[in-house]
Each structure stands twice: as C-alpha cells, then as structure tokens.
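Trainee: This one is structure_21.cif, mmCIF, C-alpha atoms and all ligand atoms.
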data_upload
#
loop_
_atom_site.label_atom_id
_atom_site.label_comp_id
_atom_site.auth_asym_id
_atom_site.auth_seq_id
_atom_site.Cartn_x
_atom_site.Cartn_y
_atom_site.Cartn_z
CA MET A 1 -19.55 -1.18 17.31
CA PRO A 2 -15.94 -0.68 18.48
CA ILE A 3 -14.85 2.93 18.89
CA ALA A 4 -11.27 2.31 17.80
CA SER A 5 -8.95 -0.64 17.59
CA THR A 6 -5.22 -0.61 18.22
CA ALA A 7 -4.84 -3.85 16.26
CA PRO A 8 -3.09 -3.35 12.91
CA ARG A 9 -5.43 -3.49 9.95
CA VAL A 10 -5.05 -6.51 7.72
CA PHE A 11 -4.92 -5.73 4.02
CA PRO A 12 -6.92 -6.15 1.84
CA ASP A 13 -10.65 -6.19 2.44
CA THR A 14 -11.48 -7.33 -1.07
CA ALA A 15 -12.62 -10.84 -1.91
CA GLU A 16 -9.92 -13.36 -2.72
CA ALA A 17 -12.22 -14.67 -5.45
CA MET A 18 -11.35 -11.69 -7.67
CA TYR A 19 -7.88 -13.12 -8.14
CA ARG A 20 -6.45 -16.16 -9.92
CA THR A 21 -4.19 -17.32 -7.11
CA ASP A 22 -4.48 -20.81 -8.61
CA LEU A 23 -2.12 -19.51 -11.32
CA VAL A 24 0.58 -18.64 -8.76
CA ASP A 25 3.24 -21.14 -7.74
CA VAL A 26 5.78 -20.22 -5.01
CA ARG A 27 9.20 -21.89 -5.24
CA GLU A 28 12.95 -21.27 -5.31
CA SER A 29 13.93 -18.47 -7.69
CA PRO A 30 17.03 -17.95 -9.83
CA VAL A 31 16.58 -14.20 -9.22
CA SER A 32 16.60 -14.17 -5.42
CA GLY A 33 15.53 -16.57 -2.67
CA THR A 34 11.96 -17.62 -3.25
CA GLY A 35 9.84 -16.37 -6.13
CA ALA A 36 6.28 -16.55 -7.46
CA PHE A 37 5.85 -18.27 -10.83
CA ALA A 38 3.08 -18.78 -13.37
CA ALA A 39 1.44 -22.16 -12.72
CA GLY A 40 -0.19 -21.96 -16.16
CA ASP A 41 -0.43 -19.60 -19.11
CA VAL A 42 -1.60 -16.19 -17.87
CA PRO A 43 -3.39 -13.80 -20.27
CA ALA A 44 -2.50 -10.11 -20.04
CA GLY A 45 -4.77 -8.30 -17.59
CA THR A 46 -5.36 -11.28 -15.28
CA ARG A 47 -5.64 -10.30 -11.62
CA LEU A 48 -3.23 -12.69 -9.96
CA MET A 49 -3.14 -12.16 -6.21
CA PRO A 50 -4.13 -9.60 -3.60
CA LEU A 51 -1.66 -7.81 -1.38
CA THR A 52 -1.79 -9.34 2.09
CA GLY A 53 -0.18 -8.43 5.36
CA THR A 54 -0.30 -6.08 8.28
CA VAL A 55 -0.25 -2.30 7.83
CA LEU A 56 2.09 -0.31 10.07
CA ARG A 57 3.20 3.31 10.24
CA ARG A 58 6.79 4.31 9.50
CA ASP A 59 7.54 4.89 13.19
CA GLN A 60 6.41 1.35 13.96
CA VAL A 61 8.95 -0.25 11.58
CA ASP A 62 12.69 -0.51 12.19
CA MET A 63 13.95 -0.50 8.58
CA ASP A 64 17.47 -1.52 9.64
CA THR A 65 16.57 -4.73 11.42
CA ILE A 66 13.31 -5.92 9.90
CA GLU A 67 13.82 -9.36 8.36
CA VAL A 68 10.49 -10.00 6.67
CA GLY A 69 9.34 -8.46 3.42
CA ILE A 70 8.03 -4.94 3.61
CA LEU A 71 6.18 -2.95 0.97
CA GLN A 72 5.56 0.78 1.09
CA ILE A 73 1.88 1.34 0.27
CA GLY A 74 1.44 4.94 1.41
CA ASP A 75 3.42 7.95 2.59
CA ASP A 76 3.17 6.58 6.12
CA LYS A 77 1.93 3.04 5.47
CA PHE A 78 4.04 -0.09 5.22
CA LEU A 79 2.71 -3.58 4.54
CA ILE A 80 4.47 -6.26 6.56
CA ALA A 81 4.64 -9.69 4.93
CA ALA A 82 2.23 -12.31 6.23
CA GLY A 83 3.34 -15.32 4.19
CA GLY A 84 1.04 -15.00 1.17
CA PRO A 85 2.29 -15.60 -2.39
CA ASP A 86 2.41 -11.81 -2.86
CA ASP A 87 5.37 -11.70 -0.45
CA TYR A 88 7.59 -13.52 -2.95
CA ILE A 89 7.52 -11.25 -6.00
CA ASN A 90 11.07 -10.37 -7.00
CA HIS A 91 12.17 -7.16 -8.70
CA ALA A 92 12.93 -6.52 -12.37
CA CYS A 93 13.45 -3.20 -14.16
CA ASP A 94 11.28 -4.53 -17.04
CA PRO A 95 8.46 -6.15 -15.04
CA ASN A 96 5.72 -8.52 -16.29
CA VAL A 97 3.30 -7.70 -13.45
CA ALA A 98 2.10 -4.43 -11.92
CA PHE A 99 -0.21 -3.21 -9.19
CA THR A 100 -3.89 -3.18 -10.03
CA PRO A 101 -5.22 0.38 -10.48
CA ASP A 102 -6.86 0.20 -7.04
CA GLY A 103 -3.51 -0.77 -5.52
CA MET A 104 -4.97 -3.85 -3.85
CA GLY A 105 -3.20 -6.58 -5.80
CA TYR A 106 -1.07 -7.67 -8.74
CA TYR A 107 -2.09 -8.22 -12.36
CA ALA A 108 -0.33 -9.42 -15.53
CA LEU A 109 1.01 -6.59 -17.72
CA ARG A 110 1.35 -8.92 -20.71
CA ASP A 111 0.76 -12.56 -21.61
CA ILE A 112 2.93 -14.66 -19.29
CA GLN A 113 3.83 -18.25 -20.12
CA ALA A 114 3.61 -21.14 -17.67
CA GLY A 115 6.82 -21.32 -15.64
CA GLU A 116 7.81 -17.65 -16.02
CA GLU A 117 8.59 -15.82 -12.79
CA PHE A 118 6.30 -12.93 -11.85
CA LEU A 119 8.42 -9.79 -11.49
CA ILE A 120 7.50 -6.27 -10.45
CA ASP A 121 9.47 -3.02 -10.40
CA TYR A 122 9.93 -2.27 -6.71
CA ALA A 123 10.06 1.46 -7.44
CA THR A 124 6.34 1.29 -8.26
CA SER A 125 5.60 0.75 -4.55
CA GLU A 126 8.56 2.25 -2.72
CA TYR A 127 8.62 6.03 -2.84
CA ASP A 128 11.07 7.14 -0.18
CA SER A 129 11.68 4.18 2.11
CA GLY A 130 15.39 4.87 1.74
CA TRP A 131 16.89 1.52 0.83
CA LYS A 132 19.05 0.80 -2.24
CA VAL A 133 19.76 -2.67 -3.63
CA THR A 134 22.00 -3.68 -6.53
CA CYS A 135 19.95 -5.00 -9.48
CA LEU A 136 21.14 -7.88 -11.62
CA CYS A 137 17.93 -8.32 -13.62
CA GLY A 138 19.81 -8.15 -16.92
CA SER A 139 17.07 -6.22 -18.72
CA SER A 140 18.06 -3.72 -21.44
CA VAL A 141 16.48 -1.02 -19.25
CA CYS A 142 18.17 -2.22 -16.03
CA ARG A 143 19.00 0.73 -13.78
CA GLY A 144 21.71 -1.21 -11.93
CA VAL A 145 20.33 -0.21 -8.57
CA VAL A 146 16.85 -0.50 -7.13
CA THR A 147 15.70 2.68 -5.39
CA GLY A 148 12.46 4.34 -4.44
CA PHE A 149 10.40 6.21 -7.04
CA ALA A 150 11.54 9.57 -5.63
CA ASP A 151 15.14 8.84 -6.70
CA LEU A 152 14.35 7.98 -10.34
CA ASP A 153 15.06 10.30 -13.27
CA ASP A 154 12.10 12.04 -14.96
CA VAL A 155 11.99 9.70 -17.97
CA THR A 156 11.88 6.58 -15.80
CA GLN A 157 9.28 8.13 -13.52
CA GLN A 158 7.01 8.83 -16.50
CA ARG A 159 7.46 5.25 -17.79
CA LEU A 160 6.64 3.68 -14.42
CA LEU A 161 3.93 6.08 -13.26
CA PRO A 162 0.99 4.14 -14.80
CA MET A 163 2.13 1.01 -12.92
CA ALA A 164 2.74 2.71 -9.59
CA LEU A 165 0.59 2.51 -6.49
CA PRO A 166 -2.16 5.16 -6.22
CA TYR A 167 -0.41 7.08 -3.43
CA ILE A 168 2.54 7.68 -5.81
CA ARG A 169 0.38 8.48 -8.87
CA VAL A 170 -1.40 11.32 -7.06
CA LYS A 171 1.91 13.13 -6.48
CA PHE A 172 2.48 13.73 -10.22
ZN ZN B 201 17.44 -4.22 -13.19
#
Show me, as structure tokens, the structure contained in the file I just sent.
Ligand SMILES: [Zn+2]

Mentor:
Amino acid sequence: MPIASTAPRVFPDTAEAMYRTDLVDVRESPVSGTGAFAAGDVPAGTRLMPLTGTVLRRDQVDMDTIEVGILQIGDDKFLIAAGGPDDYINHACDPNVAFTPDGMGYYALRDIQAGEEFLIDYATSEYDSGWKVTCLCGSSVCRGVVTGFADLDDVTQQRLLPMALPYIRVKF
C-alpha cells in the first residue's frame, strides 16, 4: 500500500452509473461558449453528471492565468476541468440544476425539458476565489455580477444555501 502519493486526486470516486449522463448533450451555447443541454426530458431530482477533474490547492493554481475551467470545492480545494460534460455548465442567477447534497455531482432542481440548457449558480461553489464576472442571464433575480458566496447579501445567501456545496453549508 502506498504511503503517500504526490499525484493530484481525481474526483470523484463514486460510480458513474449513479448519473444520467446520457441525458447531457454538450454543444455551443447562447449563454457563453459551450454549454450542457438536456438531451431528453429530465424529471426533477435526476442526478445528471458527476464532478470530474483534478483537485489542487489554492497555492497550486494561478487564478490570473489559468485558462481551463476551475471550480472551488473546498476552502483550499479547486477542481481543474478535465473535459467532462460537467465542465460546460454555464451560470444563471435562477438555476435549474444544483449540486447533489454530497457535493459530488449535479442534479435537476425542477423538471427540465429536452433542449434546455443546464445552468447553475456559480456562487453555490465559489466562496472566496476572488473573481467577478458580469452576468447577463436576464432572470428576474439576476444580480448583475457573479461573485463568490462570501460577497452575497444575507437574503441571497439564505436562498442559495440549500444548493451550495457542503463546505459552504457548514459555515452557516
Ligand atoms: Zn444573472
């Protein structure tokens, strides 16, 4: 048995079979770049796809120059995109998907029709990674700017808390 490995851990360890990745279609998005779309009608609660990628610490990631997708999954854990469909989920302030309670994947918050784009609120994973991006999602609850959870007002934090990754939920 190895004592310790310096190789980054690949996330997740759970079986792909738990997820309905057959319902996920990756293609060009009207929101931004490439997106993930419903390949069929998706009932609320369906587990869609696991998070995949390589886990690095904050001091191993140069936030200013990194060009691949990056997801904060812990106070000092960042998931670096590995090319799975989970890398292509765009942001919306009124999302139709959220993180599973175990924080290992994405599930449908409501019934989603074939062809709809899967959208998540990025503040439910990012806590304090520091970036800000203008939001053009057009939702009635659009905040205008995408920030980490730490920068949200109290009302928005309470609304998003049930959808947030476990490492954020335990702070409140
Ligand atoms: Zn928005």

Trainee: Can you work out which one of A:Ala82, A:Ala98, A:Val42, A:Cys142 has the shortest atom-to-atom distance to ligand ZN 201 (chain B), counting all atoms listed in the file?

Mentor: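 Selected residue with least distance to ligand ZN 201 (chain B): A:Cys142.
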
Trainee: If you take all atoms listed in the file and a cut-off of 10 Å, which residues of chain A touch ligand ZN 201 (chain B), and what are their nearest atom pairs and distances in Å to one decimal, in chain and number order, as CSV?

Mentor:
residue,atom,partner,partner_atom,distance
A:His91,CA,B:ZN201,ZN,7.5
A:Ala92,CA,B:ZN201,ZN,5.1
A:Cys93,CA,B:ZN201,ZN,4.2
A:Asp94,CA,B:ZN201,ZN,7.3
A:Pro95,CA,B:ZN201,ZN,9.4
A:Asp121,CA,B:ZN201,ZN,8.5
A:Val133,CA,B:ZN201,ZN,10.0
A:Thr134,CA,B:ZN201,ZN,8.1
A:Cys135,CA,B:ZN201,ZN,4.5
A:Leu136,CA,B:ZN201,ZN,5.4
A:Cys137,CA,B:ZN201,ZN,4.2
A:Gly138,CA,B:ZN201,ZN,5.9
A:Ser139,CA,B:ZN201,ZN,5.9
A:Ser140,CA,B:ZN201,ZN,8.3
A:Val141,CA,B:ZN201,ZN,6.9
A:Cys142,CA,B:ZN201,ZN,3.5
A:Arg143,CA,B:ZN201,ZN,5.2
A:Gly144,CA,B:ZN201,ZN,5.4
A:Val145,CA,B:ZN201,ZN,6.8
A:Val146,CA,B:ZN201,ZN,7.1

Trainee: Quick one: write out the picked residues with C-alpha atoms as a PDB file, in the coordinates of the input?

Mentor:
ATOM      1  CA  HIS A  91      12.170  -7.160  -8.700  1.00  0.00           C
ATOM      2  CA  ALA A  92      12.930  -6.520 -12.370  1.00  0.00           C
ATOM      3  CA  CYS A  93      13.450  -3.200 -14.160  1.00  0.00           C
ATOM      4  CA  ASP A  94      11.280  -4.530 -17.040  1.00  0.00           C
ATOM      5  CA  PRO A  95       8.460  -6.150 -15.040  1.00  0.00           C
ATOM      6  CA  ASP A 121       9.470  -3.020 -10.400  1.00  0.00           C
ATOM      7  CA  VAL A 133      19.760  -2.670  -3.630  1.00  0.00           C
ATOM      8  CA  THR A 134      22.000  -3.680  -6.530  1.00  0.00           C
ATOM      9  CA  CYS A 135      19.950  -5.000  -9.480  1.00  0.00           C
ATOM     10  CA  LEU A 136      21.140  -7.880 -11.620  1.00  0.00           C
ATOM     11  CA  CYS A 137      17.930  -8.320 -13.620  1.00  0.00           C
ATOM     12  CA  GLY A 138      19.810  -8.150 -16.920  1.00  0.00           C
ATOM     13  CA  SER A 139      17.070  -6.220 -18.720  1.00  0.00           C
ATOM     14  CA  SER A 140      18.060  -3.720 -21.440  1.00  0.00           C
ATOM     15  CA  VAL A 141      16.480  -1.020 -19.250  1.00  0.00           C
ATOM     16  CA  CYS A 142      18.170  -2.220 -16.030  1.00  0.00           C
ATOM     17  CA  ARG A 143      19.000   0.730 -13.780  1.00  0.00           C
ATOM     18  CA  GLY A 144      21.710  -1.210 -11.930  1.00  0.00           C
ATOM     19  CA  VAL A 145      20.330  -0.210  -8.570  1.00  0.00           C
ATOM     20  CA  VAL A 146      16.850  -0.500  -7.130  1.00  0.00           C
TER      21      VAL A 146
END

Trainee: Which residue out of A:Asp76, A:Asp102, A:Glu116, A:Asp59 has the minimum interatomic distance to Asp25 of chain A when all atoms listed in the file are used?

Mentor: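 Using all atoms listed in the file, Asp25 of chain A sits closest to A:Glu116.
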
Trainee: Could you tell me which of A:Met163, A:Leu71, A:Leu109, A:Val61 comes closest to Thr46 of chain A if we count all atoms listed in the file?

Mentor: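 Residue with the minimum atom-to-atom distance to Thr46 of chain A: A:Leu109.
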
Trainee: Quote the spacing between atom CA of Tyr106 of chain A and atom CA of Tyr19 of chain A in Å to one decimal place.

Mentor: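 Taking atom CA of Tyr106 of chain A and atom CA of Tyr19 of chain A, their separation equals 8.7 Å.
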
Trainee: Quick one: distance from atom CA of Leu160 of chain A to atom CA of Thr34 of chain A in Å, one decimal?

Mentor: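 Between these atoms lies a distance of 24.6 Å.
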
Trainee: Please determine, counting all atoms listed in the file, which residue among A:Leu161, A:Ala114, A:Ala150, A:Ala38 has the shortest atom-to-atom distance to Asp75 of chain A.

Mentor: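 The shortest atom-to-atom distance to Asp75 of chain A comes from A:Ala150.
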
Trainee: Rank A:Gly84, A:Pro50, A:Gly40, A:Pro166 by their smallest atom-to-atom distance to Ile112 of chain A, using only C-alpha atoms, and report the top residue only.

Mentor: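 Among the listed residues, A:Gly40 lies closest to Ile112 of chain A.
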
Trainee: In Å, how far is it from atom CA of Arg57 of chain A to atom CA of Met104 of chain A?

Mentor: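 Answer for the atom CA of Arg57 of chain A to atom CA of Met104 of chain A separation: 17.8 Å.
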
Trainee: Using all atoms listed in the file, pick whichever of A:Arg110, A:Arg20, A:Gly130, A:Ser29 has the shortest atom-to-atom distance to Arg58 of chain A.

Mentor: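 Using all atoms listed in the file, Arg58 of chain A sits closest to A:Gly130.
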
Trainee: Write out as JSON, numbers by chain which residues come within 12 Å of Lys77 of chain A when counting only C-alpha atoms, dropping same-chain ones fewer than 5 positions away.

Mentor: {"A": [8, 9, 11, 53, 54, 55, 56, 57, 58, 59, 60, 61, 70, 71, 72, 125, 126, 127, 128, 129, 167]}

Trainee: Would you pick out the contacts of Thr147 of chain A at 7 Å or less, using only C-alpha atoms, so that residues sharing its chain but fewer than 6 positions from it are not included, and give the list as a list of chain:residue names?

Mentor: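 Close residues of Thr147 of chain A: A:Ala123, A:Trp131, A:Lys132, A:Val133.
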
Trainee: Env of Gln157 of chain A: 10 Å cut, atoms = all atoms listed in the file, seq-sep filter 6 positions within chain, self excluded. Answer as a list in words.

Mentor: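 The residues that qualify are Ala123, Thr124, Phe149, Ala150, Asp151, Ala164 and Phe172 of chain A.
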
Trainee: Could you please give me, as a VMD selection string, the residues of protein, DNA or RNA lying at most 10 Å from (9.6, -20.1, -13.0) in the coordinate frame of the file, considering all atoms listed in the file?

Mentor: chain A and resid 25 to 31 35 to 39 113 to 118

Trainee: Can I get segment 111-127 of chain A with N, CA and C atoms filled in, as an mmCIF file, in the coordinates of the input?

Mentor:
data_model
loop_
_atom_site.group_PDB
_atom_site.id
_atom_site.type_symbol
_atom_site.label_atom_id
_atom_site.label_comp_id
_atom_site.auth_asym_id
_atom_site.auth_seq_id
_atom_site.Cartn_x
_atom_site.Cartn_y
_atom_site.Cartn_z
ATOM 1 N N ASP A 111 0.917 -11.110 -21.683
ATOM 2 C CA ASP A 111 0.760 -12.560 -21.610
ATOM 3 C C ASP A 111 2.015 -13.152 -20.956
ATOM 4 N N ILE A 112 1.817 -14.028 -20.006
ATOM 5 C CA ILE A 112 2.930 -14.660 -19.290
ATOM 6 C C ILE A 112 2.794 -16.164 -19.455
ATOM 7 N N GLN A 113 3.873 -16.807 -19.874
ATOM 8 C CA GLN A 113 3.830 -18.250 -20.120
ATOM 9 C C GLN A 113 4.010 -19.035 -18.830
ATOM 10 N N ALA A 114 3.446 -20.227 -18.806
ATOM 11 C CA ALA A 114 3.610 -21.140 -17.670
ATOM 12 C C ALA A 114 5.095 -21.279 -17.347
ATOM 13 N N GLY A 115 5.431 -21.151 -16.066
ATOM 14 C CA GLY A 115 6.820 -21.320 -15.640
ATOM 15 C C GLY A 115 7.592 -20.027 -15.513
ATOM 16 N N GLU A 116 7.113 -18.942 -16.153
ATOM 17 C CA GLU A 116 7.810 -17.650 -16.020
ATOM 18 C C GLU A 116 7.653 -17.111 -14.599
ATOM 19 N N GLU A 117 8.686 -16.437 -14.115
ATOM 20 C CA GLU A 117 8.590 -15.820 -12.790
ATOM 21 C C GLU A 117 7.854 -14.489 -12.899
ATOM 22 N N PHE A 118 6.960 -14.231 -11.940
ATOM 23 C CA PHE A 118 6.300 -12.930 -11.850
ATOM 24 C C PHE A 118 7.275 -11.924 -11.262
ATOM 25 N N LEU A 119 7.451 -10.790 -11.931
ATOM 26 C CA LEU A 119 8.420 -9.790 -11.490
ATOM 27 C C LEU A 119 7.787 -8.410 -11.539
ATOM 28 N N ILE A 120 8.055 -7.634 -10.518
ATOM 29 C CA ILE A 120 7.500 -6.270 -10.450
ATOM 30 C C ILE A 120 8.646 -5.299 -10.253
ATOM 31 N N ASP A 121 8.455 -4.058 -10.668
ATOM 32 C CA ASP A 121 9.470 -3.020 -10.400
ATOM 33 C C ASP A 121 9.207 -2.455 -9.007
ATOM 34 N N TYR A 122 10.149 -2.683 -8.101
ATOM 35 C CA TYR A 122 9.930 -2.270 -6.710
ATOM 36 C C TYR A 122 9.740 -0.752 -6.573
ATOM 37 N N ALA A 123 10.241 0.009 -7.530
ATOM 38 C CA ALA A 123 10.060 1.460 -7.440
ATOM 39 C C ALA A 123 8.616 1.877 -7.634
ATOM 40 N N THR A 124 7.748 0.936 -8.092
ATOM 41 C CA THR A 124 6.340 1.290 -8.260
ATOM 42 C C THR A 124 5.566 1.198 -6.941
ATOM 43 N N SER A 125 6.231 0.711 -5.889
ATOM 44 C CA SER A 125 5.600 0.750 -4.550
ATOM 45 C C SER A 125 6.404 1.603 -3.577
ATOM 46 N N GLU A 126 7.724 1.482 -3.641
ATOM 47 C CA GLU A 126 8.560 2.250 -2.720
ATOM 48 C C GLU A 126 8.694 3.681 -3.243
ATOM 49 N N TYR A 127 8.394 4.652 -2.421
ATOM 50 C CA TYR A 127 8.620 6.030 -2.840
ATOM 51 C C TYR A 127 9.883 6.593 -2.193
#
